[in-house]
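Structure below is entry06.pdb: PDB, C-alpha atoms, pLDDT in the B column.
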```
ATOM      1  CA  MET A   1      81.161  33.468-166.209  1.00 37.00           C
ATOM      2  CA  ARG A   2      78.562  31.494-168.153  1.00 39.00           C
ATOM      3  CA  ASP A   3      77.946  27.751-167.994  1.00 39.00           C
ATOM      4  CA  TYR A   4      77.453  25.955-171.305  1.00 41.00           C
ATOM      5  CA  THR A   5      76.508  22.327-171.750  1.00 46.00           C
ATOM      6  CA  TYR A   6      78.513  22.286-174.974  1.00 51.00           C
ATOM      7  CA  GLY A   7      81.492  24.498-175.526  1.00 74.00           C
ATOM      8  CA  ALA A   8      83.630  25.211-172.490  1.00 81.00           C
ATOM      9  CA  ILE A   9      84.289  24.265-168.890  1.00 84.00           C
ATOM     10  CA  PHE A  10      84.590  27.992-168.052  1.00 86.00           C
ATOM     11  CA  GLU A  11      83.463  30.931-170.194  1.00 87.00           C
ATOM     12  CA  PHE A  12      84.218  34.547-169.276  1.00 88.00           C
ATOM     13  CA  ILE A  13      82.828  37.738-170.823  1.00 86.00           C
ATOM     14  CA  GLY A  14      84.831  40.375-168.916  1.00 87.00           C
ATOM     15  CA  GLY A  15      86.762  41.161-165.741  1.00 92.00           C
ATOM     16  CA  ASP A  16      89.887  39.758-164.082  1.00 95.00           C
ATOM     17  CA  HIS A  17      89.862  36.039-163.246  1.00 95.00           C
ATOM     18  CA  THR A  18      92.292  33.399-161.948  1.00 96.00           C
ATOM     19  CA  ILE A  19      91.726  29.652-162.145  1.00 94.00           C
ATOM     20  CA  GLU A  20      93.936  28.085-159.515  1.00 95.00           C
ATOM     21  CA  GLY A  21      94.540  24.608-158.086  1.00 93.00           C
ATOM     22  CA  LEU A  22      92.217  22.714-160.436  1.00 92.00           C
ATOM     23  CA  THR A  23      92.600  20.033-163.070  1.00 91.00           C
ATOM     24  CA  LEU A  24      90.427  20.805-166.103  1.00 89.00           C
ATOM     25  CA  GLU A  25      90.161  17.811-168.419  1.00 88.00           C
ATOM     26  CA  VAL A  26      88.598  18.157-171.845  1.00 87.00           C
ATOM     27  CA  ASP A  27      87.592  14.630-172.783  1.00 85.00           C
ATOM     28  CA  THR A  28      85.295  13.373-175.531  1.00 76.00           C
ATOM     29  CA  VAL A  29      81.926  15.138-175.471  1.00 72.00           C
ATOM     30  CA  ARG A  30      78.971  13.733-177.374  1.00 70.00           C
ATOM     31  CA  GLU A  31      75.596  15.049-178.437  1.00 73.00           C
ATOM     32  CA  ARG A  32      72.526  13.120-177.303  1.00 73.00           C
ATOM     33  CA  ASN A  33      72.498  11.287-180.650  1.00 80.00           C
ATOM     34  CA  GLY A  34      76.056  10.048-180.045  1.00 76.00           C
ATOM     35  CA  ASN A  35      77.920  12.334-182.463  1.00 78.00           C
ATOM     36  CA  ILE A  36      81.234  13.648-181.136  1.00 73.00           C
ATOM     37  CA  ILE A  37      81.315  17.423-180.594  1.00 71.00           C
ATOM     38  CA  LYS A  38      84.548  18.952-181.917  1.00 67.00           C
ATOM     39  CA  GLY A  39      86.134  22.198-180.726  1.00 67.00           C
ATOM     40  CA  VAL A  40      85.248  21.864-177.041  1.00 83.00           C
ATOM     41  CA  ARG A  41      87.322  24.206-174.868  1.00 87.00           C
ATOM     42  CA  ALA A  42      88.638  24.284-171.300  1.00 89.00           C
ATOM     43  CA  ILE A  43      88.534  28.096-171.043  1.00 89.00           C
ATOM     44  CA  SER A  44      86.650  30.321-173.459  1.00 86.00           C
ATOM     45  CA  THR A  45      85.960  34.047-173.723  1.00 85.00           C
ATOM     46  CA  ASP A  46      83.345  36.003-175.589  1.00 78.00           C
ATOM     47  CA  GLY A  47      82.020  39.539-175.465  1.00 72.00           C
ATOM     48  CA  ASN A  48      83.606  42.921-176.101  1.00 72.00           C
ATOM     49  CA  ASN A  49      84.871  43.886-172.616  1.00 82.00           C
ATOM     50  CA  ASN A  50      88.354  44.170-171.124  1.00 87.00           C
ATOM     51  CA  LEU A  51      89.310  40.743-169.877  1.00 90.00           C
ATOM     52  CA  LYS A  52      92.185  38.941-168.171  1.00 94.00           C
ATOM     53  CA  VAL A  53      92.129  35.210-167.386  1.00 95.00           C
ATOM     54  CA  ARG A  54      95.083  33.511-165.675  1.00 96.00           C
ATOM     55  CA  ASN A  55      95.525  29.739-165.564  1.00 96.00           C
ATOM     56  CA  LYS A  56      97.364  28.508-162.462  1.00 97.00           C
ATOM     57  CA  SER A  57      95.960  25.010-162.883  1.00 95.00           C
ATOM     58  CA  ASN A  58      96.415  21.933-165.055  1.00 96.00           C
ATOM     59  CA  ILE A  59      94.531  21.777-168.339  1.00 95.00           C
ATOM     60  CA  LYS A  60      94.493  18.283-169.853  1.00 94.00           C
ATOM     61  CA  LEU A  61      93.337  17.924-173.461  1.00 93.00           C
ATOM     62  CA  SER A  62      92.737  14.181-173.836  1.00 91.00           C
ATOM     63  CA  ALA A  63      90.081  14.221-176.593  1.00 89.00           C
ATOM     64  CA  ASP A  64      90.807  14.982-180.260  1.00 89.00           C
ATOM     65  CA  ASN A  65      90.185  18.447-181.796  1.00 87.00           C
ATOM     66  CA  VAL A  66      89.838  20.355-178.515  1.00 89.00           C
ATOM     67  CA  VAL A  67      91.294  23.619-177.187  1.00 91.00           C
ATOM     68  CA  GLY A  68      92.877  24.866-173.957  1.00 92.00           C
ATOM     69  CA  PHE A  69      92.221  28.640-174.263  1.00 91.00           C
ATOM     70  CA  ALA A  70      89.864  30.063-176.894  1.00 88.00           C
ATOM     71  CA  THR A  71      88.905  33.685-177.465  1.00 84.00           C
ATOM     72  CA  ASP A  72      86.411  35.026-179.985  1.00 78.00           C
ATOM     73  CA  GLU A  73      86.809  38.324-181.828  1.00 72.00           C
ATOM     74  CA  ASP A  74      84.067  40.898-181.621  1.00 68.00           C
ATOM     75  CA  PRO A  75      83.734  44.110-183.652  1.00 66.00           C
ATOM     76  CA  ASN A  76      82.634  46.296-180.702  1.00 69.00           C
ATOM     77  CA  GLY A  77      85.709  46.071-178.453  1.00 67.00           C
ATOM     78  CA  ALA A  78      87.684  49.095-179.694  1.00 68.00           C
ATOM     79  CA  GLY A  79      90.538  49.868-177.317  1.00 72.00           C
ATOM     80  CA  ASN A  80      89.919  46.815-175.142  1.00 81.00           C
ATOM     81  CA  LEU A  81      92.620  44.344-174.129  1.00 84.00           C
ATOM     82  CA  ARG A  82      91.747  40.669-173.779  1.00 86.00           C
ATOM     83  CA  GLN A  83      94.527  38.616-172.151  1.00 90.00           C
ATOM     84  CA  LEU A  84      94.616  34.844-171.738  1.00 92.00           C
ATOM     85  CA  ILE A  85      97.608  33.777-169.640  1.00 95.00           C
ATOM     86  CA  ASN A  86      99.001  30.344-168.858  1.00 96.00           C
ATOM     87  CA  ASP A  87     100.790  31.488-165.680  1.00 97.00           C
ATOM     88  CA  THR A  88     104.157  30.261-164.344  1.00 96.00           C
ATOM     89  CA  ASP A  89     102.526  27.420-162.422  1.00 95.00           C
ATOM     90  CA  GLY A  90     100.037  26.639-165.215  1.00 96.00           C
ATOM     91  CA  LEU A  91     100.260  23.529-167.390  1.00 97.00           C
ATOM     92  CA  ILE A  92      98.498  22.731-170.654  1.00 96.00           C
ATOM     93  CA  TYR A  93      99.036  19.067-171.541  1.00 96.00           C
ATOM     94  CA  SER A  94      97.591  17.594-174.725  1.00 94.00           C
ATOM     95  CA  THR A  95      97.516  13.943-175.744  1.00 93.00           C
ATOM     96  CA  GLY A  96      94.726  14.175-178.341  1.00 91.00           C
ATOM     97  CA  LYS A  97      95.101  14.661-182.097  1.00 91.00           C
ATOM     98  CA  GLY A  98      94.539  18.096-183.668  1.00 89.00           C
ATOM     99  CA  ASN A  99      94.495  20.028-180.397  1.00 90.00           C
ATOM    100  CA  VAL A 100      95.411  23.671-179.768  1.00 91.00           C
ATOM    101  CA  ALA A 101      96.718  25.308-176.577  1.00 93.00           C
ATOM    102  CA  PHE A 102      95.635  28.891-177.521  1.00 91.00           C
ATOM    103  CA  ILE A 103      93.295  29.839-180.375  1.00 87.00           C
ATOM    104  CA  LEU A 104      91.826  33.119-181.593  1.00 84.00           C
ATOM    105  CA  VAL A 105      88.512  32.387-183.335  1.00 79.00           C
ATOM    106  CA  LYS A 106      87.548  34.939-185.947  1.00 72.00           C
ATOM    107  CA  GLU A 107      83.763  34.888-186.034  1.00 67.00           C
ATOM    108  CA  GLN A 108      83.094  38.407-187.308  1.00 67.00           C
ATOM    109  CA  ASP A 109      84.636  41.022-189.572  1.00 65.00           C
ATOM    110  CA  ASN A 110      86.386  44.175-188.335  1.00 65.00           C
ATOM    111  CA  PRO A 111      87.855  43.077-185.006  1.00 66.00           C
ATOM    112  CA  ALA A 112      88.562  45.943-182.642  1.00 69.00           C
ATOM    113  CA  ALA A 113      89.974  44.537-179.368  1.00 75.00           C
ATOM    114  CA  THR A 114      93.624  43.540-178.957  1.00 80.00           C
ATOM    115  CA  HIS A 115      94.149  39.930-177.887  1.00 83.00           C
ATOM    116  CA  GLU A 116      97.193  38.623-176.028  1.00 88.00           C
ATOM    117  CA  HIS A 117      97.836  34.907-175.637  1.00 91.00           C
ATOM    118  CA  ILE A 118     100.697  34.554-173.167  1.00 93.00           C
ATOM    119  CA  ASN A 119     102.472  31.403-172.043  1.00 95.00           C
ATOM    120  CA  ASN A 120     104.544  31.897-168.890  1.00 97.00           C
ATOM    121  CA  GLY A 121     104.145  28.273-167.803  1.00 96.00           C
ATOM    122  CA  LYS A 122     104.471  24.987-169.651  1.00 96.00           C
ATOM    123  CA  ILE A 123     102.686  23.663-172.727  1.00 95.00           C
ATOM    124  CA  ILE A 124     103.180  20.034-173.781  1.00 94.00           C
ATOM    125  CA  MET A 125     101.558  19.111-177.092  1.00 92.00           C
ATOM    126  CA  ASP A 126     102.025  15.334-177.198  1.00 92.00           C
ATOM    127  CA  GLY A 127      99.295  14.559-179.749  1.00 90.00           C
ATOM    128  CA  ASP A 128      99.702  14.437-183.516  1.00 89.00           C
ATOM    129  CA  GLU A 129      98.829  17.495-185.631  1.00 88.00           C
ATOM    130  CA  SER A 130      98.742  19.780-182.577  1.00 88.00           C
ATOM    131  CA  TYR A 131      99.460  23.495-182.280  1.00 87.00           C
ATOM    132  CA  ALA A 132     100.632  25.820-179.506  1.00 89.00           C
ATOM    133  CA  PHE A 133      99.063  28.996-180.990  1.00 86.00           C
ATOM    134  CA  ALA A 134      96.476  29.089-183.790  1.00 83.00           C
ATOM    135  CA  PHE A 135      94.031  31.337-185.627  1.00 76.00           C
ATOM    136  CA  SER A 136      90.666  29.981-186.733  1.00 72.00           C
ATOM    137  CA  LYS A 137      88.436  31.390-189.431  1.00 63.00           C
ATOM    138  CA  THR A 138      84.720  30.729-189.789  1.00 59.00           C
ATOM    139  CA  ASN A 139      83.636  30.327-193.419  1.00 57.00           C
ATOM    140  CA  GLY A 140      82.186  33.532-194.869  1.00 55.00           C
ATOM    141  CA  VAL A 141      84.289  35.828-192.663  1.00 55.00           C
ATOM    142  CA  HIS A 142      87.229  37.764-194.135  1.00 57.00           C
ATOM    143  CA  SER A 143      90.436  36.456-192.613  1.00 56.00           C
ATOM    144  CA  ASN A 144      92.746  39.350-193.461  1.00 56.00           C
ATOM    145  CA  VAL A 145      92.713  41.157-190.077  1.00 59.00           C
ATOM    146  CA  TYR A 146      93.710  39.813-186.671  1.00 62.00           C
ATOM    147  CA  ILE A 147      94.768  41.970-183.727  1.00 68.00           C
ATOM    148  CA  THR A 148      96.752  39.591-181.543  1.00 75.00           C
ATOM    149  CA  HIS A 149     100.050  39.057-179.778  1.00 81.00           C
ATOM    150  CA  ASN A 150     101.203  35.493-179.109  1.00 86.00           C
ATOM    151  CA  ILE A 151     103.920  35.570-176.466  1.00 87.00           C
ATOM    152  CA  ASN A 152     105.956  32.671-175.104  1.00 91.00           C
ATOM    153  CA  ASN A 153     107.959  33.365-171.933  1.00 93.00           C
ATOM    154  CA  GLY A 154     107.681  29.770-170.737  1.00 93.00           C
ATOM    155  CA  GLU A 155     108.312  26.339-172.187  1.00 93.00           C
ATOM    156  CA  ILE A 156     106.610  24.715-175.177  1.00 91.00           C
ATOM    157  CA  VAL A 157     107.231  21.042-175.944  1.00 91.00           C
ATOM    158  CA  MET A 158     105.967  19.799-179.330  1.00 88.00           C
ATOM    159  CA  ALA A 159     106.226  15.996-179.249  1.00 86.00           C
ATOM    160  CA  GLY A 160     103.611  14.603-181.668  1.00 78.00           C
ATOM    161  CA  LYS A 161     103.854  14.024-185.419  1.00 78.00           C
ATOM    162  CA  ARG A 162     103.115  16.925-187.825  1.00 67.00           C
ATOM    163  CA  LYS A 163     102.992  19.603-185.158  1.00 58.00           C
ATOM    164  CA  LEU A 164     103.375  23.355-185.476  1.00 58.00           C
ATOM    165  CA  TRP A 165     104.201  26.100-183.020  1.00 52.00           C
ATOM    166  CA  ILE A 166     101.783  28.501-184.754  1.00 54.00           C
ATOM    167  CA  CYS A 167      99.252  27.992-187.570  1.00 49.00           C
ATOM    168  CA  THR A 168      96.000  29.110-189.182  1.00 45.00           C
ATOM    169  CA  TRP A 169      92.998  26.824-188.824  1.00 45.00           C
ATOM    170  CA  SER A 170      89.851  26.873-190.892  1.00 41.00           C
ATOM    171  CA  ARG A 171      86.541  25.555-189.651  1.00 41.00           C
ATOM    172  CA  LYS A 172      83.131  25.370-191.169  1.00 37.00           C
ATOM    173  CA  LYS A 173      80.312  27.412-189.723  1.00 34.00           C
ATOM    174  CA  LEU A 174      77.775  25.126-188.069  1.00 30.00           C
TER     175      LEU A 174
END
```
Spit out the file's structure as structure tokens when you get a sec.
Amino acid sequence: MRDYTYGAIFEFIGGDHTIEGLTLEVDTVRERNGNIIKGVRAISTDGNNNLKVRNKSNIKLSADNVVGFATDEDPNGAGNLRQLINDTDGLIYSTGKGNVAFILVKEQDNPAATHEHINNGKIIMDGDESYAFAFSKTNGVHSNVYITHNINNGEIVMAGKRKLWICTWSRKKL
């Protein structure tokens, strides 16, 4: 696990992890100059190792344009499985605009690992223009290949205006 000032509350690069009994709130985060940082995440993964992260906690997305679970694709993870699981007692609750419960961020070409985003718990997307599952593409990266399974065995409530269960997002490279 790595600690980032900007980016995520928790970031994992490999192994088997469970987050249990916590409330993780992603609120508005600002740079020192006062600009709002978009795309902040509760739980993030990076690296090219096998990985499993289970949420048995409450994730509250109260800011706009933030993410519950985010995983980045890497070209060196051939044969690896990267699972992000909102477990049966996990809750992702979003009140902000433009938020995503699970997102796969394509940062590089030729992804090799298989990603599984699994909801066994409850997701409530109460903000406008929100998404349960999404794919993000960084400008300059070919978006034609994703290796992912998005699985819902739980409950998803989409309550805001202009919401989608699954979508493709595009973001500019910073």
**OP:** Work out how far CA of Lys106 (chain A) is from CA of Ser62 (chain A), in Å to one decimal.
**Re:** 24.6 Å
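Separating CA of Arg41 (chain A) from CA of Val67 (chain A) is a distance of 4.6 Å.
In this structure, CA of Gly154 (chain A) sits 5.6 Å away from CA of Asn119 (chain A).
Compared by their closest atoms to Gly121 (chain A), and using only C-alpha atoms, the residues A:Thr45, A:Asn152, A:Asn65, A:Asn33 rank with A:Asn152 nearest.
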Coordinates of box centre and edge lengths for region 46-57 of chain A, 5 Å on every side, axis-aligned, as JSON:
```
{"center_x": 89.7, "center_y": 34.6, "center_z": -169.3, "size_x": 25.3, "size_y": 29.2, "size_z": 23.6}
```
Given the PyMOL selection byres ((chain A and resi 161) around 12), the residues it picks as a PDB file with C-alpha atoms, in the coordinates of the input:
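Listed below is the output, selection_31.pdb:
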```pdb
ATOM      1  CA  THR A  95      97.516  13.943-175.744  1.00 93.00           C
ATOM      2  CA  GLY A  96      94.726  14.175-178.341  1.00 91.00           C
ATOM      3  CA  LYS A  97      95.101  14.661-182.097  1.00 91.00           C
ATOM      4  CA  GLY A  98      94.539  18.096-183.668  1.00 89.00           C
ATOM      5  CA  MET A 125     101.558  19.111-177.092  1.00 92.00           C
ATOM      6  CA  ASP A 126     102.025  15.334-177.198  1.00 92.00           C
ATOM      7  CA  GLY A 127      99.295  14.559-179.749  1.00 90.00           C
ATOM      8  CA  ASP A 128      99.702  14.437-183.516  1.00 89.00           C
ATOM      9  CA  GLU A 129      98.829  17.495-185.631  1.00 88.00           C
ATOM     10  CA  SER A 130      98.742  19.780-182.577  1.00 88.00           C
ATOM     11  CA  TYR A 131      99.460  23.495-182.280  1.00 87.00           C
ATOM     12  CA  MET A 158     105.967  19.799-179.330  1.00 88.00           C
ATOM     13  CA  ALA A 159     106.226  15.996-179.249  1.00 86.00           C
ATOM     14  CA  GLY A 160     103.611  14.603-181.668  1.00 78.00           C
ATOM     15  CA  ARG A 162     103.115  16.925-187.825  1.00 67.00           C
ATOM     16  CA  LYS A 163     102.992  19.603-185.158  1.00 58.00           C
ATOM     17  CA  LEU A 164     103.375  23.355-185.476  1.00 58.00           C
TER      18      LEU A 164
END
```
Original post:
Can you list, as number ranges by chain, every protein, DNA or RNA residue that comes within 8 Å of Asn150 (chain A) when you count all atoms listed in the file, leaving out same-chain residues fewer than 3 positions away?
Top reply: A: 116-118, 133
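The list of residues with at least one atom within 8 Å of Leu61 (chain A), based on all atoms listed in the file and without residues fewer than 3 positions apart in the same chain, reads Glu25, Val26, Asp27, Asp64, Val66, Val67, Gly68, Ile92, Tyr93, Ser94, Thr95, Gly96 and Asn99 of chain A.
When the PyMOL selection byres ((chain A and resi 51-53) around 9) is evaluated on the file shown here, the picked residues come out as Phe12, Ile13, Gly14, Gly15, Asp16, His17, Thr18, Ile19, Ile43, Thr45, Asn48, Asn49, Asn50, Arg54, Asn55, Asn80, Leu81, Arg82, Gln83, Leu84, Ile85 and Asn86 of chain A.
With only C-alpha atoms as the atoms that count, the minimum distance from Phe102 (chain A) to the choices A:Ile36, A:Asp89, A:Ala42, A:Arg30 is reached by A:Ala42.
In terms of minimum interatomic distance to Val100 (chain A), A:Ala132 ranks closest within A:Asp87, A:Ile124, A:His115, A:Ala132, counting all atoms listed in the file.
Taking only C-alpha atoms into account, the protein, DNA and RNA residues within 8 Å of (94.6, 18.9, -164.5) read Leu22, Thr23, Leu24, Glu25, Ser57, Asn58, Ile59, Lys60 and Leu91 of chain A.
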Okay, now the selection with C-alpha atoms, as a short mmCIF file (atom, residue, chain, number, x, y, z; two decimals), in the frame of the given file?
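Now in part_33.cif:
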```
data_model
loop_
_atom_site.label_atom_id
_atom_site.label_comp_id
_atom_site.auth_asym_id
_atom_site.auth_seq_id
_atom_site.Cartn_x
_atom_site.Cartn_y
_atom_site.Cartn_z
CA LEU A 22 92.22 22.71 -160.44
CA THR A 23 92.60 20.03 -163.07
CA LEU A 24 90.43 20.80 -166.10
CA GLU A 25 90.16 17.81 -168.42
CA SER A 57 95.96 25.01 -162.88
CA ASN A 58 96.42 21.93 -165.06
CA ILE A 59 94.53 21.78 -168.34
CA LYS A 60 94.49 18.28 -169.85
CA LEU A 91 100.26 23.53 -167.39
#
```
